[in-house]
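Text of target25.txt, listed as compact mmCIF, N, CA and C atoms:
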# COMPACT_ATOMS: atom_id res chain seq x y z
N MET G 29 -112.58 -58.95 -82.75
CA MET G 29 -112.52 -58.02 -81.65
C MET G 29 -112.92 -58.75 -80.37
N GLU G 30 -112.14 -58.57 -79.35
CA GLU G 30 -112.40 -59.22 -78.07
C GLU G 30 -112.63 -58.18 -76.98
N THR G 31 -113.54 -58.51 -76.07
CA THR G 31 -113.78 -57.62 -74.93
C THR G 31 -114.32 -58.43 -73.76
N LYS G 32 -114.19 -57.85 -72.56
CA LYS G 32 -114.73 -58.49 -71.36
C LYS G 32 -116.21 -58.22 -71.24
N ALA G 33 -116.93 -59.20 -70.69
CA ALA G 33 -118.37 -59.05 -70.49
C ALA G 33 -118.78 -59.85 -69.26
N THR G 34 -119.98 -59.60 -68.81
CA THR G 34 -120.57 -60.34 -67.69
C THR G 34 -121.84 -61.00 -68.19
N VAL G 35 -121.99 -62.29 -67.88
CA VAL G 35 -123.19 -63.02 -68.28
C VAL G 35 -124.33 -62.61 -67.35
N ILE G 36 -125.43 -62.14 -67.92
CA ILE G 36 -126.56 -61.72 -67.08
C ILE G 36 -127.74 -62.68 -67.17
N SER G 37 -127.78 -63.52 -68.23
CA SER G 37 -128.80 -64.56 -68.31
C SER G 37 -128.36 -65.59 -69.36
N THR G 38 -128.93 -66.79 -69.25
CA THR G 38 -128.63 -67.83 -70.23
C THR G 38 -129.94 -68.45 -70.70
N GLU G 39 -129.92 -68.91 -71.95
CA GLU G 39 -131.08 -69.58 -72.52
C GLU G 39 -130.58 -70.55 -73.58
N GLY G 40 -130.54 -71.83 -73.22
CA GLY G 40 -130.05 -72.84 -74.15
C GLY G 40 -128.59 -72.61 -74.49
N LYS G 41 -128.29 -72.55 -75.78
CA LYS G 41 -126.90 -72.38 -76.20
C LYS G 41 -126.51 -70.90 -76.33
N PHE G 42 -127.36 -70.00 -75.84
CA PHE G 42 -127.08 -68.57 -75.91
C PHE G 42 -127.02 -67.97 -74.51
N ALA G 43 -126.35 -66.84 -74.41
CA ALA G 43 -126.29 -66.09 -73.15
C ALA G 43 -126.44 -64.61 -73.48
N MET G 44 -127.07 -63.88 -72.58
CA MET G 44 -127.14 -62.42 -72.69
C MET G 44 -125.96 -61.89 -71.89
N VAL G 45 -125.11 -61.11 -72.54
CA VAL G 45 -123.93 -60.57 -71.88
C VAL G 45 -123.99 -59.06 -71.86
N GLU G 46 -123.35 -58.48 -70.86
CA GLU G 46 -123.31 -57.03 -70.71
C GLU G 46 -121.85 -56.60 -70.71
N THR G 47 -121.53 -55.64 -71.58
CA THR G 47 -120.17 -55.10 -71.62
C THR G 47 -120.22 -53.64 -71.20
N LYS G 48 -119.12 -53.19 -70.66
CA LYS G 48 -118.99 -51.78 -70.31
C LYS G 48 -118.46 -51.06 -71.54
N ARG G 49 -119.25 -50.12 -72.03
CA ARG G 49 -118.85 -49.38 -73.22
C ARG G 49 -117.76 -48.39 -72.86
N LYS G 50 -116.69 -48.42 -73.63
CA LYS G 50 -115.62 -47.46 -73.43
C LYS G 50 -115.99 -46.20 -74.20
N SER G 51 -115.95 -45.11 -73.51
CA SER G 51 -116.34 -43.84 -74.10
C SER G 51 -115.11 -43.08 -74.59
N ALA G 52 -115.30 -42.35 -75.64
CA ALA G 52 -114.24 -41.47 -76.12
C ALA G 52 -113.96 -40.38 -75.09
N CYS G 53 -114.89 -40.20 -74.17
CA CYS G 53 -114.77 -39.14 -73.17
C CYS G 53 -114.10 -39.62 -71.87
N ASP G 54 -113.63 -40.88 -71.83
CA ASP G 54 -113.04 -41.39 -70.60
C ASP G 54 -111.90 -40.52 -70.08
N GLY G 55 -111.08 -39.96 -70.96
CA GLY G 55 -109.96 -39.14 -70.53
C GLY G 55 -110.25 -37.65 -70.55
N CYS G 56 -111.48 -37.28 -70.83
CA CYS G 56 -111.85 -35.87 -70.96
C CYS G 56 -111.81 -35.17 -69.60
N HIS G 57 -111.32 -33.94 -69.58
CA HIS G 57 -111.25 -33.17 -68.34
C HIS G 57 -112.64 -32.93 -67.74
N LYS G 58 -113.67 -32.92 -68.57
CA LYS G 58 -115.04 -32.73 -68.08
C LYS G 58 -115.46 -33.91 -67.20
N GLN G 59 -115.02 -35.12 -67.54
CA GLN G 59 -115.35 -36.30 -66.73
C GLN G 59 -114.75 -36.16 -65.34
N GLN G 60 -113.53 -35.63 -65.26
CA GLN G 60 -112.86 -35.47 -63.97
C GLN G 60 -113.55 -34.41 -63.12
N GLU G 61 -114.21 -33.45 -63.78
CA GLU G 61 -114.95 -32.40 -63.06
C GLU G 61 -116.33 -32.86 -62.62
N GLY G 62 -116.74 -34.06 -63.06
CA GLY G 62 -118.04 -34.58 -62.68
C GLY G 62 -119.16 -34.17 -63.63
N SER G 63 -118.83 -33.58 -64.75
CA SER G 63 -119.84 -33.21 -65.74
C SER G 63 -119.53 -33.94 -67.04
N SER G 64 -120.25 -33.63 -68.09
CA SER G 64 -119.98 -34.28 -69.36
C SER G 64 -119.83 -33.23 -70.45
N CYS G 65 -119.11 -33.62 -71.49
CA CYS G 65 -118.91 -32.69 -72.61
C CYS G 65 -120.11 -32.75 -73.55
N ALA G 66 -120.10 -31.87 -74.54
CA ALA G 66 -121.21 -31.79 -75.49
C ALA G 66 -121.38 -33.09 -76.27
N MET G 67 -120.27 -33.74 -76.64
CA MET G 67 -120.37 -34.99 -77.40
C MET G 67 -121.03 -36.10 -76.57
N CYS G 68 -120.65 -36.22 -75.30
CA CYS G 68 -121.28 -37.24 -74.44
C CYS G 68 -122.76 -36.97 -74.28
N THR G 69 -123.13 -35.70 -74.19
CA THR G 69 -124.53 -35.34 -74.07
C THR G 69 -125.30 -35.72 -75.32
N LEU G 70 -124.71 -35.46 -76.48
CA LEU G 70 -125.38 -35.80 -77.75
C LEU G 70 -125.45 -37.30 -77.97
N MET G 71 -124.39 -38.03 -77.64
CA MET G 71 -124.31 -39.46 -77.92
C MET G 71 -125.00 -40.30 -76.86
N GLY G 72 -125.34 -39.72 -75.73
CA GLY G 72 -125.97 -40.47 -74.67
C GLY G 72 -124.92 -40.97 -73.70
N ASP G 73 -125.35 -41.26 -72.49
CA ASP G 73 -124.37 -41.66 -71.47
C ASP G 73 -124.57 -43.10 -71.02
N LYS G 74 -125.20 -43.90 -71.82
CA LYS G 74 -125.41 -45.30 -71.47
C LYS G 74 -124.07 -46.03 -71.51
N ALA G 75 -123.63 -46.52 -70.37
CA ALA G 75 -122.30 -47.12 -70.29
C ALA G 75 -122.33 -48.63 -70.52
N GLU G 76 -123.49 -49.27 -70.43
CA GLU G 76 -123.57 -50.72 -70.60
C GLU G 76 -124.23 -51.06 -71.94
N LEU G 77 -123.73 -52.10 -72.55
CA LEU G 77 -124.27 -52.58 -73.81
C LEU G 77 -124.60 -54.05 -73.64
N ARG G 78 -125.83 -54.44 -73.91
CA ARG G 78 -126.25 -55.84 -73.79
C ARG G 78 -126.40 -56.45 -75.17
N THR G 79 -125.95 -57.70 -75.29
CA THR G 79 -126.06 -58.40 -76.55
C THR G 79 -126.18 -59.90 -76.31
N ARG G 80 -126.76 -60.58 -77.28
CA ARG G 80 -126.90 -62.03 -77.21
C ARG G 80 -125.63 -62.66 -77.78
N ALA G 81 -125.12 -63.66 -77.11
CA ALA G 81 -123.87 -64.30 -77.53
C ALA G 81 -124.04 -65.81 -77.57
N ASN G 82 -123.35 -66.44 -78.51
CA ASN G 82 -123.25 -67.90 -78.51
C ASN G 82 -122.49 -68.30 -77.26
N ASN G 83 -122.91 -69.38 -76.63
CA ASN G 83 -122.31 -69.81 -75.38
C ASN G 83 -121.85 -71.27 -75.49
N PRO G 84 -120.84 -71.56 -76.31
CA PRO G 84 -120.42 -72.95 -76.50
C PRO G 84 -119.69 -73.54 -75.31
N ILE G 85 -119.23 -72.71 -74.37
CA ILE G 85 -118.47 -73.23 -73.23
C ILE G 85 -119.30 -73.32 -71.95
N GLY G 86 -120.57 -73.00 -72.03
CA GLY G 86 -121.46 -73.15 -70.89
C GLY G 86 -121.26 -72.15 -69.77
N ALA G 87 -120.98 -70.92 -70.09
CA ALA G 87 -120.85 -69.88 -69.07
C ALA G 87 -122.18 -69.71 -68.35
N ARG G 88 -122.11 -69.36 -67.08
CA ARG G 88 -123.31 -69.21 -66.25
C ARG G 88 -123.52 -67.76 -65.84
N VAL G 89 -124.70 -67.47 -65.34
CA VAL G 89 -125.04 -66.13 -64.89
C VAL G 89 -124.03 -65.67 -63.85
N GLY G 90 -123.52 -64.47 -64.04
CA GLY G 90 -122.55 -63.89 -63.12
C GLY G 90 -121.10 -64.10 -63.53
N ASP G 91 -120.85 -65.01 -64.46
CA ASP G 91 -119.47 -65.26 -64.91
C ASP G 91 -118.93 -64.05 -65.67
N GLU G 92 -117.67 -63.75 -65.43
CA GLU G 92 -116.96 -62.74 -66.22
C GLU G 92 -116.31 -63.50 -67.37
N VAL G 93 -116.58 -63.09 -68.58
CA VAL G 93 -116.14 -63.85 -69.76
C VAL G 93 -115.48 -62.93 -70.78
N MET G 94 -114.78 -63.55 -71.72
CA MET G 94 -114.28 -62.83 -72.89
C MET G 94 -115.21 -63.17 -74.04
N VAL G 95 -115.67 -62.16 -74.75
CA VAL G 95 -116.51 -62.38 -75.92
C VAL G 95 -115.77 -61.87 -77.15
N GLU G 96 -116.04 -62.52 -78.27
CA GLU G 96 -115.36 -62.17 -79.50
C GLU G 96 -116.37 -62.01 -80.62
N SER G 97 -116.14 -61.01 -81.45
CA SER G 97 -116.95 -60.84 -82.66
C SER G 97 -115.98 -60.68 -83.82
N PRO G 98 -116.35 -61.21 -84.99
CA PRO G 98 -115.45 -61.14 -86.13
C PRO G 98 -115.16 -59.70 -86.53
N SER G 99 -113.90 -59.33 -86.63
CA SER G 99 -113.51 -57.96 -86.96
C SER G 99 -114.06 -57.54 -88.32
N GLY G 100 -114.06 -58.45 -89.28
CA GLY G 100 -114.56 -58.13 -90.60
C GLY G 100 -116.02 -57.72 -90.58
N ARG G 101 -116.81 -58.41 -89.78
CA ARG G 101 -118.24 -58.09 -89.68
C ARG G 101 -118.44 -56.73 -89.03
N VAL G 102 -117.67 -56.43 -87.99
CA VAL G 102 -117.78 -55.14 -87.31
C VAL G 102 -117.41 -54.01 -88.27
N LEU G 103 -116.34 -54.20 -89.04
CA LEU G 103 -115.92 -53.19 -90.01
C LEU G 103 -116.97 -53.03 -91.12
N ALA G 104 -117.57 -54.13 -91.53
CA ALA G 104 -118.62 -54.07 -92.56
C ALA G 104 -119.83 -53.28 -92.06
N TYR G 105 -120.23 -53.50 -90.80
CA TYR G 105 -121.35 -52.74 -90.24
C TYR G 105 -121.00 -51.25 -90.20
N GLY G 106 -119.77 -50.93 -89.80
CA GLY G 106 -119.35 -49.53 -89.76
C GLY G 106 -119.39 -48.88 -91.14
N ALA G 107 -118.91 -49.61 -92.14
CA ALA G 107 -118.94 -49.09 -93.50
C ALA G 107 -120.37 -48.90 -93.98
N LEU G 108 -121.23 -49.85 -93.63
CA LEU G 108 -122.63 -49.76 -94.03
C LEU G 108 -123.29 -48.52 -93.44
N VAL G 109 -123.05 -48.27 -92.17
CA VAL G 109 -123.69 -47.16 -91.49
C VAL G 109 -123.14 -45.80 -91.94
N PHE G 110 -121.84 -45.73 -92.18
CA PHE G 110 -121.25 -44.43 -92.50
C PHE G 110 -121.14 -44.16 -94.00
N LEU G 111 -120.84 -45.18 -94.79
CA LEU G 111 -120.62 -44.95 -96.21
C LEU G 111 -121.88 -45.03 -97.06
N MET G 112 -122.77 -45.98 -96.74
CA MET G 112 -123.95 -46.16 -97.58
C MET G 112 -124.80 -44.90 -97.71
N PRO G 113 -125.15 -44.21 -96.62
CA PRO G 113 -125.96 -42.99 -96.76
C PRO G 113 -125.24 -41.91 -97.58
N LEU G 114 -123.94 -41.77 -97.34
CA LEU G 114 -123.18 -40.76 -98.07
C LEU G 114 -123.14 -41.06 -99.57
N LEU G 115 -122.81 -42.29 -99.91
CA LEU G 115 -122.74 -42.67 -101.32
C LEU G 115 -124.10 -42.59 -102.01
N LEU G 116 -125.14 -43.03 -101.31
CA LEU G 116 -126.48 -42.96 -101.89
C LEU G 116 -126.92 -41.51 -102.10
N GLY G 117 -126.62 -40.65 -101.13
CA GLY G 117 -126.95 -39.23 -101.26
C GLY G 117 -126.23 -38.59 -102.44
N LEU G 118 -124.94 -38.90 -102.59
CA LEU G 118 -124.18 -38.36 -103.73
C LEU G 118 -124.70 -38.90 -105.06
N PHE G 119 -125.01 -40.19 -105.08
CA PHE G 119 -125.52 -40.80 -106.30
C PHE G 119 -126.82 -40.12 -106.74
N VAL G 120 -127.75 -39.95 -105.80
CA VAL G 120 -129.04 -39.33 -106.13
C VAL G 120 -128.84 -37.86 -106.52
N TYR G 121 -127.92 -37.18 -105.88
CA TYR G 121 -127.64 -35.78 -106.24
C TYR G 121 -127.24 -35.68 -107.71
N PHE G 122 -126.29 -36.54 -108.12
CA PHE G 122 -125.82 -36.49 -109.50
C PHE G 122 -126.87 -37.01 -110.49
N MET G 123 -127.69 -37.95 -110.08
CA MET G 123 -128.78 -38.41 -110.96
C MET G 123 -129.81 -37.29 -111.15
N CYS G 124 -130.10 -36.57 -110.09
CA CYS G 124 -131.03 -35.44 -110.20
C CYS G 124 -130.42 -34.34 -111.08
N ALA G 125 -129.11 -34.18 -111.05
CA ALA G 125 -128.45 -33.18 -111.88
C ALA G 125 -128.61 -33.50 -113.36
N LEU G 126 -128.74 -34.78 -113.69
CA LEU G 126 -128.93 -35.17 -115.09
C LEU G 126 -130.32 -34.80 -115.62
N VAL G 127 -131.31 -34.78 -114.72
CA VAL G 127 -132.68 -34.53 -115.15
C VAL G 127 -133.18 -33.13 -114.80
N SER G 128 -132.45 -32.41 -113.93
CA SER G 128 -132.92 -31.09 -113.53
C SER G 128 -131.72 -30.17 -113.30
N SER G 129 -131.89 -28.92 -113.67
CA SER G 129 -130.83 -27.94 -113.42
C SER G 129 -131.09 -27.18 -112.11
N SER G 130 -132.15 -27.52 -111.44
CA SER G 130 -132.52 -26.83 -110.19
C SER G 130 -131.71 -27.39 -109.01
N GLU G 131 -130.94 -26.52 -108.38
CA GLU G 131 -130.13 -26.93 -107.22
C GLU G 131 -131.01 -27.39 -106.05
N PRO G 132 -132.12 -26.71 -105.74
CA PRO G 132 -132.96 -27.19 -104.63
C PRO G 132 -133.50 -28.61 -104.87
N ILE G 133 -133.83 -28.95 -106.09
CA ILE G 133 -134.31 -30.31 -106.38
C ILE G 133 -133.20 -31.32 -106.16
N ARG G 134 -131.98 -31.00 -106.60
CA ARG G 134 -130.85 -31.91 -106.40
C ARG G 134 -130.56 -32.10 -104.91
N LEU G 135 -130.58 -31.01 -104.16
CA LEU G 135 -130.31 -31.10 -102.72
C LEU G 135 -131.41 -31.87 -101.99
N CYS G 136 -132.65 -31.62 -102.34
CA CYS G 136 -133.76 -32.35 -101.71
C CYS G 136 -133.67 -33.84 -102.02
N GLY G 137 -133.36 -34.17 -103.25
CA GLY G 137 -133.20 -35.58 -103.62
C GLY G 137 -132.08 -36.24 -102.84
N ALA G 138 -130.96 -35.53 -102.71
CA ALA G 138 -129.81 -36.08 -101.97
C ALA G 138 -130.15 -36.26 -100.49
N LEU G 139 -130.82 -35.26 -99.91
CA LEU G 139 -131.19 -35.37 -98.49
C LEU G 139 -132.21 -36.48 -98.25
N LEU G 140 -133.17 -36.62 -99.15
CA LEU G 140 -134.14 -37.71 -99.01
C LEU G 140 -133.45 -39.07 -99.13
N ALA G 141 -132.51 -39.19 -100.05
CA ALA G 141 -131.77 -40.45 -100.20
C ALA G 141 -130.93 -40.72 -98.97
N PHE G 142 -130.28 -39.69 -98.45
CA PHE G 142 -129.45 -39.82 -97.25
C PHE G 142 -130.30 -40.30 -96.07
N GLY G 143 -131.44 -39.64 -95.84
CA GLY G 143 -132.34 -40.04 -94.76
C GLY G 143 -132.97 -41.40 -95.01
N GLY G 144 -133.33 -41.67 -96.27
CA GLY G 144 -133.90 -42.97 -96.61
C GLY G 144 -132.94 -44.11 -96.36
N ALA G 145 -131.65 -43.86 -96.55
CA ALA G 145 -130.65 -44.89 -96.27
C ALA G 145 -130.67 -45.26 -94.79
N TYR G 146 -130.81 -44.27 -93.92
CA TYR G 146 -130.87 -44.56 -92.48
C TYR G 146 -132.15 -45.28 -92.10
N VAL G 147 -133.25 -44.95 -92.75
CA VAL G 147 -134.50 -45.69 -92.50
C VAL G 147 -134.32 -47.14 -92.92
N PHE G 148 -133.73 -47.36 -94.10
CA PHE G 148 -133.46 -48.72 -94.57
C PHE G 148 -132.56 -49.46 -93.58
N LEU G 149 -131.49 -48.81 -93.12
CA LEU G 149 -130.57 -49.46 -92.17
C LEU G 149 -131.26 -49.78 -90.86
N TRP G 150 -132.15 -48.92 -90.40
CA TRP G 150 -132.88 -49.18 -89.16
C TRP G 150 -133.77 -50.41 -89.33
N LEU G 151 -134.51 -50.46 -90.45
CA LEU G 151 -135.36 -51.63 -90.71
C LEU G 151 -134.53 -52.89 -90.87
N TYR G 152 -133.42 -52.79 -91.59
CA TYR G 152 -132.53 -53.94 -91.81
C TYR G 152 -131.99 -54.45 -90.49
N SER G 153 -131.58 -53.55 -89.61
CA SER G 153 -131.03 -53.98 -88.32
C SER G 153 -132.09 -54.63 -87.44
N ARG G 154 -133.33 -54.14 -87.52
CA ARG G 154 -134.40 -54.72 -86.71
C ARG G 154 -134.80 -56.10 -87.21
N ARG G 155 -134.79 -56.32 -88.52
CA ARG G 155 -135.27 -57.58 -89.09
C ARG G 155 -134.19 -58.61 -89.31
N VAL G 156 -133.01 -58.20 -89.70
CA VAL G 156 -131.97 -59.16 -90.08
C VAL G 156 -130.87 -59.25 -89.03
N ILE G 157 -130.24 -58.13 -88.74
CA ILE G 157 -129.08 -58.14 -87.84
C ILE G 157 -129.47 -58.54 -86.43
N ALA G 158 -130.62 -58.12 -85.95
CA ALA G 158 -131.04 -58.45 -84.58
C ALA G 158 -131.22 -59.95 -84.39
N ARG G 159 -131.55 -60.67 -85.44
CA ARG G 159 -131.74 -62.12 -85.34
C ARG G 159 -130.43 -62.88 -85.46
N ARG G 160 -129.41 -62.22 -85.97
CA ARG G 160 -128.10 -62.83 -86.16
C ARG G 160 -127.34 -62.78 -84.84
N CYS G 161 -126.53 -63.77 -84.59
CA CYS G 161 -125.72 -63.79 -83.37
C CYS G 161 -124.25 -63.81 -83.78
N ASP G 162 -123.62 -62.63 -83.73
CA ASP G 162 -122.24 -62.49 -84.19
C ASP G 162 -121.22 -62.56 -83.06
N VAL G 163 -121.66 -62.66 -81.84
CA VAL G 163 -120.77 -62.63 -80.68
C VAL G 163 -120.69 -64.03 -80.08
N THR G 164 -119.47 -64.45 -79.72
CA THR G 164 -119.26 -65.77 -79.13
C THR G 164 -118.45 -65.63 -77.85
N ILE G 165 -118.87 -66.33 -76.81
CA ILE G 165 -118.10 -66.38 -75.57
C ILE G 165 -116.94 -67.34 -75.81
N THR G 166 -115.70 -66.84 -75.63
CA THR G 166 -114.53 -67.66 -75.93
C THR G 166 -113.89 -68.28 -74.69
N ARG G 167 -113.98 -67.59 -73.55
CA ARG G 167 -113.44 -68.17 -72.32
C ARG G 167 -114.03 -67.49 -71.09
N ILE G 168 -114.00 -68.24 -69.99
CA ILE G 168 -114.50 -67.73 -68.72
C ILE G 168 -113.31 -67.19 -67.95
N LEU G 169 -113.38 -65.92 -67.55
CA LEU G 169 -112.28 -65.30 -66.81
C LEU G 169 -112.40 -65.57 -65.32
N SER G 170 -113.62 -65.43 -64.80
CA SER G 170 -113.85 -65.75 -63.39
C SER G 170 -115.30 -66.16 -63.23
N ALA G 171 -115.49 -67.20 -62.44
CA ALA G 171 -116.84 -67.70 -62.20
C ALA G 171 -117.50 -66.87 -61.12
N HIS G 172 -118.82 -66.88 -61.11
CA HIS G 172 -119.62 -66.18 -60.11
C HIS G 172 -119.25 -66.70 -58.73
N ALA G 173 -119.24 -65.85 -57.71
CA ALA G 173 -118.82 -66.21 -56.34
C ALA G 173 -119.63 -67.36 -55.78
N GLU G 174 -120.96 -67.38 -56.01
CA GLU G 174 -121.80 -68.45 -55.48
C GLU G 174 -121.39 -69.80 -56.07
N GLN G 175 -121.03 -69.82 -57.34
CA GLN G 175 -120.62 -71.06 -57.97
C GLN G 175 -119.30 -71.54 -57.41
N GLU G 176 -118.36 -70.60 -57.11
CA GLU G 176 -117.07 -70.97 -56.54
C GLU G 176 -117.24 -71.54 -55.14
N ASP G 177 -118.18 -70.98 -54.35
CA ASP G 177 -118.43 -71.46 -53.00
C ASP G 177 -118.99 -72.87 -53.00
N ALA G 178 -119.74 -73.22 -54.05
CA ALA G 178 -120.38 -74.54 -54.13
C ALA G 178 -119.36 -75.65 -54.37
N HIS G 179 -118.18 -75.31 -54.89
CA HIS G 179 -117.17 -76.32 -55.20
C HIS G 179 -116.32 -76.65 -54.03
As structure tokens, the full file:
Amino acid sequence: METKATVISTEGKFAMVETKRKSACDGCHKQQEGSSCAMCTLMGDKAELRTRANNPIGARVGDEVMVESPSGRVLAYGALVFLMPLLLGLFVYFMCALVSSSEPIRLCGALLAFGGAYVFLWLYSRRVIARRCDVTITRILSAHAEQEDAH
């Protein structure tokens, strides 16, 4: 997956880049009215996303760049976030059904497993994924104006 970003800082072989998040609400009539729909309110209105990127081409602060992340990894993260809690909740529901005929116990077990999966994913993302650098700057689209003036 490729997207445009702006370099906001550099540190060694890495750069912090900021991308403009495309919202599902971009074409919504509520946006044209100057308000937001219920989904935008629930999901938050933060339009910028910052991430650490490998910087093999030496992009500098202020450069507009193209960044790329492996599509397979992005799809795997999506599957992990959406499928794992659902599958774990269903698994625990049916396991509870084997040991208890009580519907409230089965539902409580499923809900605890569903919520526990999100706690696990939160911890996993803080400890493992946050240290991983899956984004790479592939090319510089335009250099910062100050750098262009210096040449």
Calculated over all atoms listed in the file, which of the candidates G:Ala87, G:Met94, G:Met29, G:Ala43 has the smallest distance to Thr164 of chain G?
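Smallest distance to Thr164 of chain G is found for G:Met94.
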Need to verify the contact set: Leu149 of chain G, 12 Å, only C-alpha atoms, exclusion of same-chain residues closer than 5 positions in sequence. Can you return it as a VMD selection string?
chain G and resid 105 to 113 142 to 144 154 to 158
Which neighbours of Thr31 of chain G fall inside 6 Å, counting only N, CA and C atoms, when residues of the same chain fewer than 4 positions from it are skipped, and could you give them as a PyMOL selection string?
chain G and resi 93-96
Which of G:Leu139, G:Asn82, G:Ser170, G:Tyr152 sits closest to Leu116 of chain G [using only C-alpha atoms]
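Ranked by minimum distance to Leu116 of chain G, first place goes to G:Leu139.
Minimum distance to Asp91 of chain G across G:Leu151, G:Arg160, G:Arg78, G:Ile36 (counting all atoms listed in the file) occurs at G:Ile36.
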Nearest-residue call for Val120 of chain G, choices G:Ala138, G:Ile165, G:Pro132, G:Ala171, using only N, CA and C atoms
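Using only N, CA and C atoms, Val120 of chain G sits closest to G:Ala138.
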